[in-house]
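For reference, the structure is listed below as C-alpha cells.
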Amino acid sequence: MKPAIKIENLSKQYRLGTVGTGSFAHDLNRWWYTVRGKEDPYLEIGETNDRANKGESDYVWALKDINFEVKPGEVLGIIGKNGAGKSTLLKLLSRVTRPTTGSIKARGRIASLLEVGTGFHPELTGRENVFLNGAIMGMNKQEIRSKFDEIVEFAGCERYIDTPVKRYSSGMYVRLAFAVAAHLEPEILIVDEVLAVGDAEFQKKAIGKMKDVSEGGKRTVIFVSHNMASIQKLCTRLVVMEKGTISYVGDVDKGIERYISAGTSNVNIDLKNRKDGVFKGRAKFTNLKITNQNDLEIDIVPVGSYVKFKLEIQSFEPLNKVGLRLLFLNSSGQILFLCNNLFSDSAFSISQNQVYTCHIPKFPLPEGQYYIQLSIFSENGMEYDLEFAKEIIVDYGKFFKSEKTPMLKEGVFVEHFFSKI
C-alpha cells in the first residue's frame, strides 16, 4: 500500500532578524549560483534550532533532514517542546510555505486546522465561511451543501450562522473551523493544538470525530498536541521532535516516555539558570519553593496537607494585569489540575523582583511523582512558559478526618460529606 504522505530529506531554513528570509544581495547571489548550476551557497551555513542559546549565524534550520511516512487511515501524533519544529512541519505539509530542501508527496486532498479560524474571513458570515473554506479544500458546492447541516449541528452555532465570524468568540471560531475540516471529507486532515481552545464537551466530540474519520482507513489524521492523554487515546503511531529534528518514530507509549524523560532532565536546575521554555523577555520565574503551613521548606508533600508554592518572579519592566498559572502533571504529562490567580483573585501588577504564594489548603493528589509547569501571562500575552519546572513527590498523609485514605493511582481526593434527609 502506497503511503498517504511521504517526506524525504525535508529541511526548512530561516534567516533571523528583521530582514526576513533574505536580503536582495543574498537573493541575487542565490540566482547567480543557480544559473551556473551550483548549489545554494547558504545551505552550508546555519545552526540547529536551539532557541535558548545565542548562535553565531544569522541562519537557523527550523527543520533539518526530516524523513518519515504516514500510511492511509493512520492517526499520527507529533509531540515535542515549544520550538521543536512541529508548527513549521505542519505549515510545509499544508503548503503554507515551501521547504528549503527535500520533498513532500501527498496522495489526496489536505485539510489543515493550524490555528483558530484558519482560512476564515472575519467580515463573512459563518455560512459564507463554510462555503469559502470548503472551496479552499477543493470541494464543490454540492459537496459542501450536502454536509452543511451536519457541520452546523456539530459546531453548535446555528443561531449565529448568518452573523459575521468577527463577532464570534474564540471557542465558536474553532468549533466551526474544526467542523468544516472534519466533515468535508478530505483524505488527509492536519490538526494542530487548536482543540485546546474549545470547552471540555467540544474537545471530547472533536476527538471522537477524528476517531470516526480515521477508522477503516477512511482518512489520514496528523495530530499535534501537548495533551498526552489525547495523544494516547487517538494516535496509532508517534513522532517525537527535538530542535528541528526527529528523535523518535514508533510506539505511542514509548514515544511519550521518551518525551517526558527528556523534558524532566532539567528539573533539578535552578529556575534562574534554565534556558528552555518560552521567554518573551519581560518577566520570568527565578525560583519556586514548596513550604508547609508554617513556611518551612519541604521536599515531600503529604497527601491532604496545607502546601504553599512560593513563586519568585523577576520583572524587567512594569507589567499590569498579570496572571500566574501552575499546572500539575503526572509522569505521563497529563494535566491533573491547575491553579491560576485569575480564577479567584484580581490580576497582579509586577515590577522588579517579587514573590507570590499559591496556597492549597488540602493537597489533593495521591502518593506518587508529579511535575509542575509554570506560566506568566500579561496584557501582551504569554511572557514565560516553563514545562517541567519542578518535580514534586507526594507521600502518605491524612486527607479525611477518619484518617482512612484510599489507594488511588490516578485522580484526586475531594473533600465531601453525606447527610440523611
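Residue numbering restarts at 1 in every chain; chains get A, B, ... in the order shown in the C-alpha cells, and ligands count up from 1 in that same order.
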Item to check | Contacts of A:Asn266 within 9 Å, only C-alpha atoms, excl. fewer than 6 positions in-chain, as a VMD selection string | outcome: chain A and resid 274 276 388 to 390
Next on the checklist: Quick one: residues within 9 Å of stretch 308-318 of chain A, only C-alpha atoms, excluding same-chain residues fewer than 2 positions away - as a PyMOL selection string?
Outcome noted: chain A and resi 281-293+295+306+320+349-361
Go ahead and write the residues just picked, N, CA and C atoms, as a short mmCIF file (atom, residue, chain, number, x, y, z; two decimals), in the first residue's frame.
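Just written: again37.cif:
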```cif
data_model
loop_
_atom_site.label_atom_id
_atom_site.label_comp_id
_atom_site.auth_asym_id
_atom_site.auth_seq_id
_atom_site.Cartn_x
_atom_site.Cartn_y
_atom_site.Cartn_z
N GLY A 281 11.05 37.92 27.50
CA GLY A 281 11.99 38.96 27.88
C GLY A 281 11.46 40.00 28.84
N ARG A 282 10.21 39.88 29.30
CA ARG A 282 9.66 40.89 30.21
C ARG A 282 9.55 40.42 31.65
N ALA A 283 9.36 39.12 31.86
CA ALA A 283 9.27 38.59 33.22
C ALA A 283 9.55 37.10 33.20
N LYS A 284 10.16 36.60 34.28
CA LYS A 284 10.43 35.16 34.35
C LYS A 284 10.47 34.71 35.81
N PHE A 285 10.27 33.42 36.02
CA PHE A 285 10.39 32.83 37.34
C PHE A 285 11.87 32.60 37.64
N THR A 286 12.30 32.97 38.84
CA THR A 286 13.69 32.74 39.24
C THR A 286 13.81 31.66 40.31
N ASN A 287 12.68 31.33 40.97
CA ASN A 287 12.73 30.28 41.99
C ASN A 287 11.31 29.82 42.32
N LEU A 288 11.21 28.58 42.75
CA LEU A 288 9.95 28.03 43.24
C LEU A 288 10.24 27.22 44.49
N LYS A 289 9.69 27.65 45.62
CA LYS A 289 9.87 26.95 46.88
C LYS A 289 8.55 26.31 47.31
N ILE A 290 8.63 25.11 47.84
CA ILE A 290 7.45 24.43 48.38
C ILE A 290 7.59 24.40 49.90
N THR A 291 6.60 24.97 50.59
CA THR A 291 6.66 25.03 52.06
C THR A 291 5.37 24.48 52.66
N ASN A 292 5.43 24.19 53.96
CA ASN A 292 4.22 23.77 54.66
C ASN A 292 3.51 24.99 55.23
N GLN A 293 2.51 24.75 56.05
CA GLN A 293 1.71 25.85 56.59
C GLN A 293 2.53 26.80 57.45
N ASP A 295 5.58 27.71 56.85
CA ASP A 295 6.62 28.29 55.99
C ASP A 295 7.96 27.57 56.07
N TYR A 306 -1.56 21.16 54.08
CA TYR A 306 -1.58 22.56 53.64
C TYR A 306 -0.22 22.84 52.99
N ASN A 320 1.22 45.00 34.06
CA ASN A 320 -0.10 45.08 34.68
C ASN A 320 -0.96 43.90 34.26
N SER A 349 0.02 43.12 39.60
CA SER A 349 0.96 44.00 38.91
C SER A 349 2.35 43.64 39.41
N ILE A 350 3.30 43.57 38.50
CA ILE A 350 4.65 43.15 38.86
C ILE A 350 5.65 44.19 38.42
N SER A 351 6.58 44.52 39.30
CA SER A 351 7.70 45.38 38.97
C SER A 351 8.93 44.89 39.74
N GLN A 352 10.03 44.76 39.05
CA GLN A 352 11.30 44.26 39.61
C GLN A 352 11.12 42.85 40.18
N ASN A 353 11.62 42.61 41.40
CA ASN A 353 11.59 41.27 41.98
C ASN A 353 10.50 41.17 43.04
N GLN A 354 9.61 40.17 42.88
CA GLN A 354 8.53 39.99 43.83
C GLN A 354 8.27 38.50 44.05
N VAL A 355 7.60 38.19 45.15
CA VAL A 355 7.26 36.80 45.48
C VAL A 355 5.75 36.71 45.66
N TYR A 356 5.15 35.75 44.98
CA TYR A 356 3.72 35.47 45.14
C TYR A 356 3.57 34.04 45.61
N THR A 357 2.59 33.80 46.47
CA THR A 357 2.39 32.47 47.04
C THR A 357 1.04 31.91 46.63
N CYS A 358 1.07 30.68 46.14
CA CYS A 358 -0.15 29.94 45.83
C CYS A 358 -0.44 28.99 46.98
N HIS A 359 -1.59 29.13 47.63
CA HIS A 359 -1.96 28.31 48.79
C HIS A 359 -2.89 27.18 48.36
N ILE A 360 -2.60 25.97 48.76
CA ILE A 360 -3.51 24.84 48.57
C ILE A 360 -3.77 24.24 49.95
N PRO A 361 -4.94 24.51 50.54
CA PRO A 361 -5.21 24.08 51.92
C PRO A 361 -5.18 22.56 52.12
#
```
Next on the checklist: At a cut-off of 6 Å, using only C-alpha atoms, what residues contact A:Thr245? Leave out same-chain residues fewer than 3 positions from it and give the result as a PyMOL selection string.
Outcome noted: chain A and resi 64+241-242
What would the file look like if the residues just selected were written as a CSV table (one decimal), in the first residue's frame with N, CA, C and O atoms?
```
chain,number,residue,atom,x,y,z
A,64,LYS,N,15.5,20.0,9.9
A,64,LYS,CA,16.7,19.5,9.3
A,64,LYS,C,16.6,18.0,9.0
A,64,LYS,O,16.5,17.2,9.9
A,241,MET,N,9.7,15.2,18.2
A,241,MET,CA,10.6,16.2,17.6
A,241,MET,C,11.4,16.9,18.6
A,241,MET,O,10.9,17.2,19.7
A,242,GLU,N,12.7,17.2,18.3
A,242,GLU,CA,13.6,17.9,19.2
A,242,GLU,C,14.5,18.8,18.4
A,242,GLU,O,15.3,18.3,17.5
```
Item to check | All residues 7 Å or closer to A:Asp65, only C-alpha atoms, same chain fewer than 6 positions away omitted, as a ChimeraX atom specification | outcome: /A:9-11,245
Near-A:Pro302 list (9 Å; only C-alpha atoms; drop same-chain fewer than 3 positions) as a short mmCIF file (atom, residue, chain, number, x, y, z; two decimals) with all heavy atoms, in the first residue's frame:
```cif
data_model
loop_
_atom_site.label_atom_id
_atom_site.label_comp_id
_atom_site.auth_asym_id
_atom_site.auth_seq_id
_atom_site.Cartn_x
_atom_site.Cartn_y
_atom_site.Cartn_z
N SER A 305 -2.24 17.74 52.97
CA SER A 305 -1.63 18.76 53.83
C SER A 305 -1.78 20.15 53.23
O SER A 305 -2.10 20.31 52.05
CB SER A 305 -0.15 18.45 54.02
OG SER A 305 0.54 18.52 52.79
N TYR A 306 -1.56 21.16 54.08
CA TYR A 306 -1.58 22.56 53.64
C TYR A 306 -0.22 22.84 52.99
O TYR A 306 0.81 22.70 53.61
CB TYR A 306 -1.79 23.47 54.85
CG TYR A 306 -2.18 24.90 54.50
CD1 TYR A 306 -3.41 25.42 54.86
CD2 TYR A 306 -1.32 25.74 53.80
CE1 TYR A 306 -3.78 26.72 54.55
CE2 TYR A 306 -1.67 27.04 53.48
CZ TYR A 306 -2.91 27.53 53.85
OH TYR A 306 -3.26 28.80 53.53
N VAL A 307 -0.24 23.25 51.72
CA VAL A 307 1.00 23.46 50.98
C VAL A 307 1.01 24.86 50.37
O VAL A 307 0.00 25.35 49.89
CB VAL A 307 1.18 22.42 49.85
CG1 VAL A 307 2.57 22.54 49.22
CG2 VAL A 307 0.97 21.01 50.36
N PHE A 363 -3.83 19.37 49.90
CA PHE A 363 -3.25 18.93 48.63
C PHE A 363 -3.95 17.66 48.16
O PHE A 363 -4.01 16.65 48.88
CB PHE A 363 -1.75 18.69 48.77
CG PHE A 363 -1.06 18.61 47.45
CD1 PHE A 363 -0.79 19.77 46.73
CD2 PHE A 363 -0.71 17.39 46.90
CE1 PHE A 363 -0.17 19.71 45.49
CE2 PHE A 363 -0.10 17.33 45.66
CZ PHE A 363 0.18 18.49 44.95
N PRO A 366 -2.83 11.82 45.12
CA PRO A 366 -2.39 10.64 45.87
C PRO A 366 -0.87 10.49 45.82
O PRO A 366 -0.17 11.29 45.17
CB PRO A 366 -3.08 9.49 45.14
CG PRO A 366 -3.28 9.98 43.75
CD PRO A 366 -3.51 11.46 43.86
N GLU A 367 -0.37 9.48 46.52
CA GLU A 367 1.07 9.25 46.55
C GLU A 367 1.62 9.05 45.15
O GLU A 367 1.00 8.39 44.32
CB GLU A 367 1.38 8.01 47.41
CG GLU A 367 0.94 8.16 48.86
CD GLU A 367 1.12 6.87 49.64
OE1 GLU A 367 2.16 6.21 49.45
OE2 GLU A 367 0.22 6.49 50.40
N ILE A 393 7.18 15.29 44.98
CA ILE A 393 6.94 13.95 45.49
C ILE A 393 5.84 14.02 46.55
O ILE A 393 5.92 14.81 47.49
CB ILE A 393 8.21 13.35 46.13
CG1 ILE A 393 9.37 13.34 45.12
CG2 ILE A 393 7.94 11.93 46.64
CD1 ILE A 393 9.14 12.48 43.91
N VAL A 394 4.81 13.20 46.38
CA VAL A 394 3.69 13.17 47.33
C VAL A 394 3.73 11.84 48.08
O VAL A 394 3.87 10.78 47.46
CB VAL A 394 2.34 13.34 46.61
CG1 VAL A 394 1.19 13.31 47.62
CG2 VAL A 394 2.32 14.65 45.82
N ASP A 395 3.65 11.90 49.39
CA ASP A 395 3.70 10.70 50.22
C ASP A 395 2.43 10.60 51.06
O ASP A 395 1.56 11.47 51.02
CB ASP A 395 4.95 10.75 51.12
CG ASP A 395 5.41 9.36 51.52
OD1 ASP A 395 4.66 8.39 51.28
OD2 ASP A 395 6.52 9.25 52.09
N TYR A 396 2.37 9.53 51.85
CA TYR A 396 1.18 9.25 52.67
C TYR A 396 0.82 10.44 53.56
O TYR A 396 1.69 11.10 54.14
CB TYR A 396 1.42 8.02 53.55
CG TYR A 396 0.30 7.78 54.54
CD1 TYR A 396 -0.90 7.21 54.13
CD2 TYR A 396 0.45 8.15 55.87
CE1 TYR A 396 -1.93 7.01 55.03
CE2 TYR A 396 -0.57 7.96 56.79
CZ TYR A 396 -1.76 7.39 56.35
OH TYR A 396 -2.78 7.20 57.24
N GLY A 397 -0.47 10.72 53.65
CA GLY A 397 -0.95 11.78 54.52
C GLY A 397 -2.40 11.52 54.91
O GLY A 397 -3.03 10.56 54.44
N LYS A 398 -2.94 12.37 55.75
CA LYS A 398 -4.29 12.21 56.27
C LYS A 398 -5.19 13.24 55.61
O LYS A 398 -5.26 14.39 56.04
CB LYS A 398 -4.30 12.37 57.78
CG LYS A 398 -3.39 11.38 58.50
CD LYS A 398 -3.27 11.70 59.98
CE LYS A 398 -2.29 10.76 60.66
NZ LYS A 398 -2.11 11.09 62.10
N PHE A 399 -5.89 12.82 54.57
CA PHE A 399 -6.76 13.75 53.86
C PHE A 399 -8.11 13.87 54.55
O PHE A 399 -8.64 14.96 54.72
CB PHE A 399 -6.94 13.30 52.40
CG PHE A 399 -7.66 14.30 51.54
CD1 PHE A 399 -6.96 15.27 50.85
CD2 PHE A 399 -9.05 14.29 51.44
CE1 PHE A 399 -7.63 16.21 50.08
CE2 PHE A 399 -9.73 15.21 50.67
CZ PHE A 399 -9.00 16.18 49.98
#
```
Item to check | Secondary structure check, helix (DSSP H, G or I) residues of stretch 105-262 of chain A, as an NGL selection string | outcome: :A and (126-136 or 141-155 or 158-160 or 165-167 or 170-183 or 193-197 or 200-217 or 228-234 or 252-262)
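Those residues in stretch 108-270 of chain A carrying a DSSP assignment of strand (DSSP E), computed from the backbone, are Ile110, Ala111, Ser112, Leu113, Ile188, Leu189, Ile190, Val191, Thr220, Val221, Ile222, Phe223, Val224, Arg237, Leu238, Val239, Val240, Met241, Glu242, Thr245, Ile246, Ser247, Tyr248, Val249 and Gly250 of chain A.
Residue neighbourhood of A:Phe120, excluding near-sequence residues (fewer than 4 positions): Val116, Leu124, Gly126, Asn129, Val130, Leu132, Asn133, Val165, Tyr173 and Ala177 of chain A, at 9 Å, using only C-alpha atoms.
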Checklist outcome for this item: Of A:Ile376, A:Leu113, A:Ala4, A:Ile392, the one nearest to A:Phe279 when counting only C-alpha atoms is A:Ile376
Next on the checklist: Given only C-alpha atoms as the basis, pick out the residue of A:Leu324, A:Met382, A:Leu365, A:Ile298 nearest to A:Ser346.
Outcome noted: A:Leu324
Checklist entry - Which residue, A:Ser344, A:Ser94, A:Ser332, A:Ser225, has the smallest gap to A:Asp253 when you use only C-alpha atoms? => result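 For A:Asp253, the nearest of the candidates is A:Ser332.
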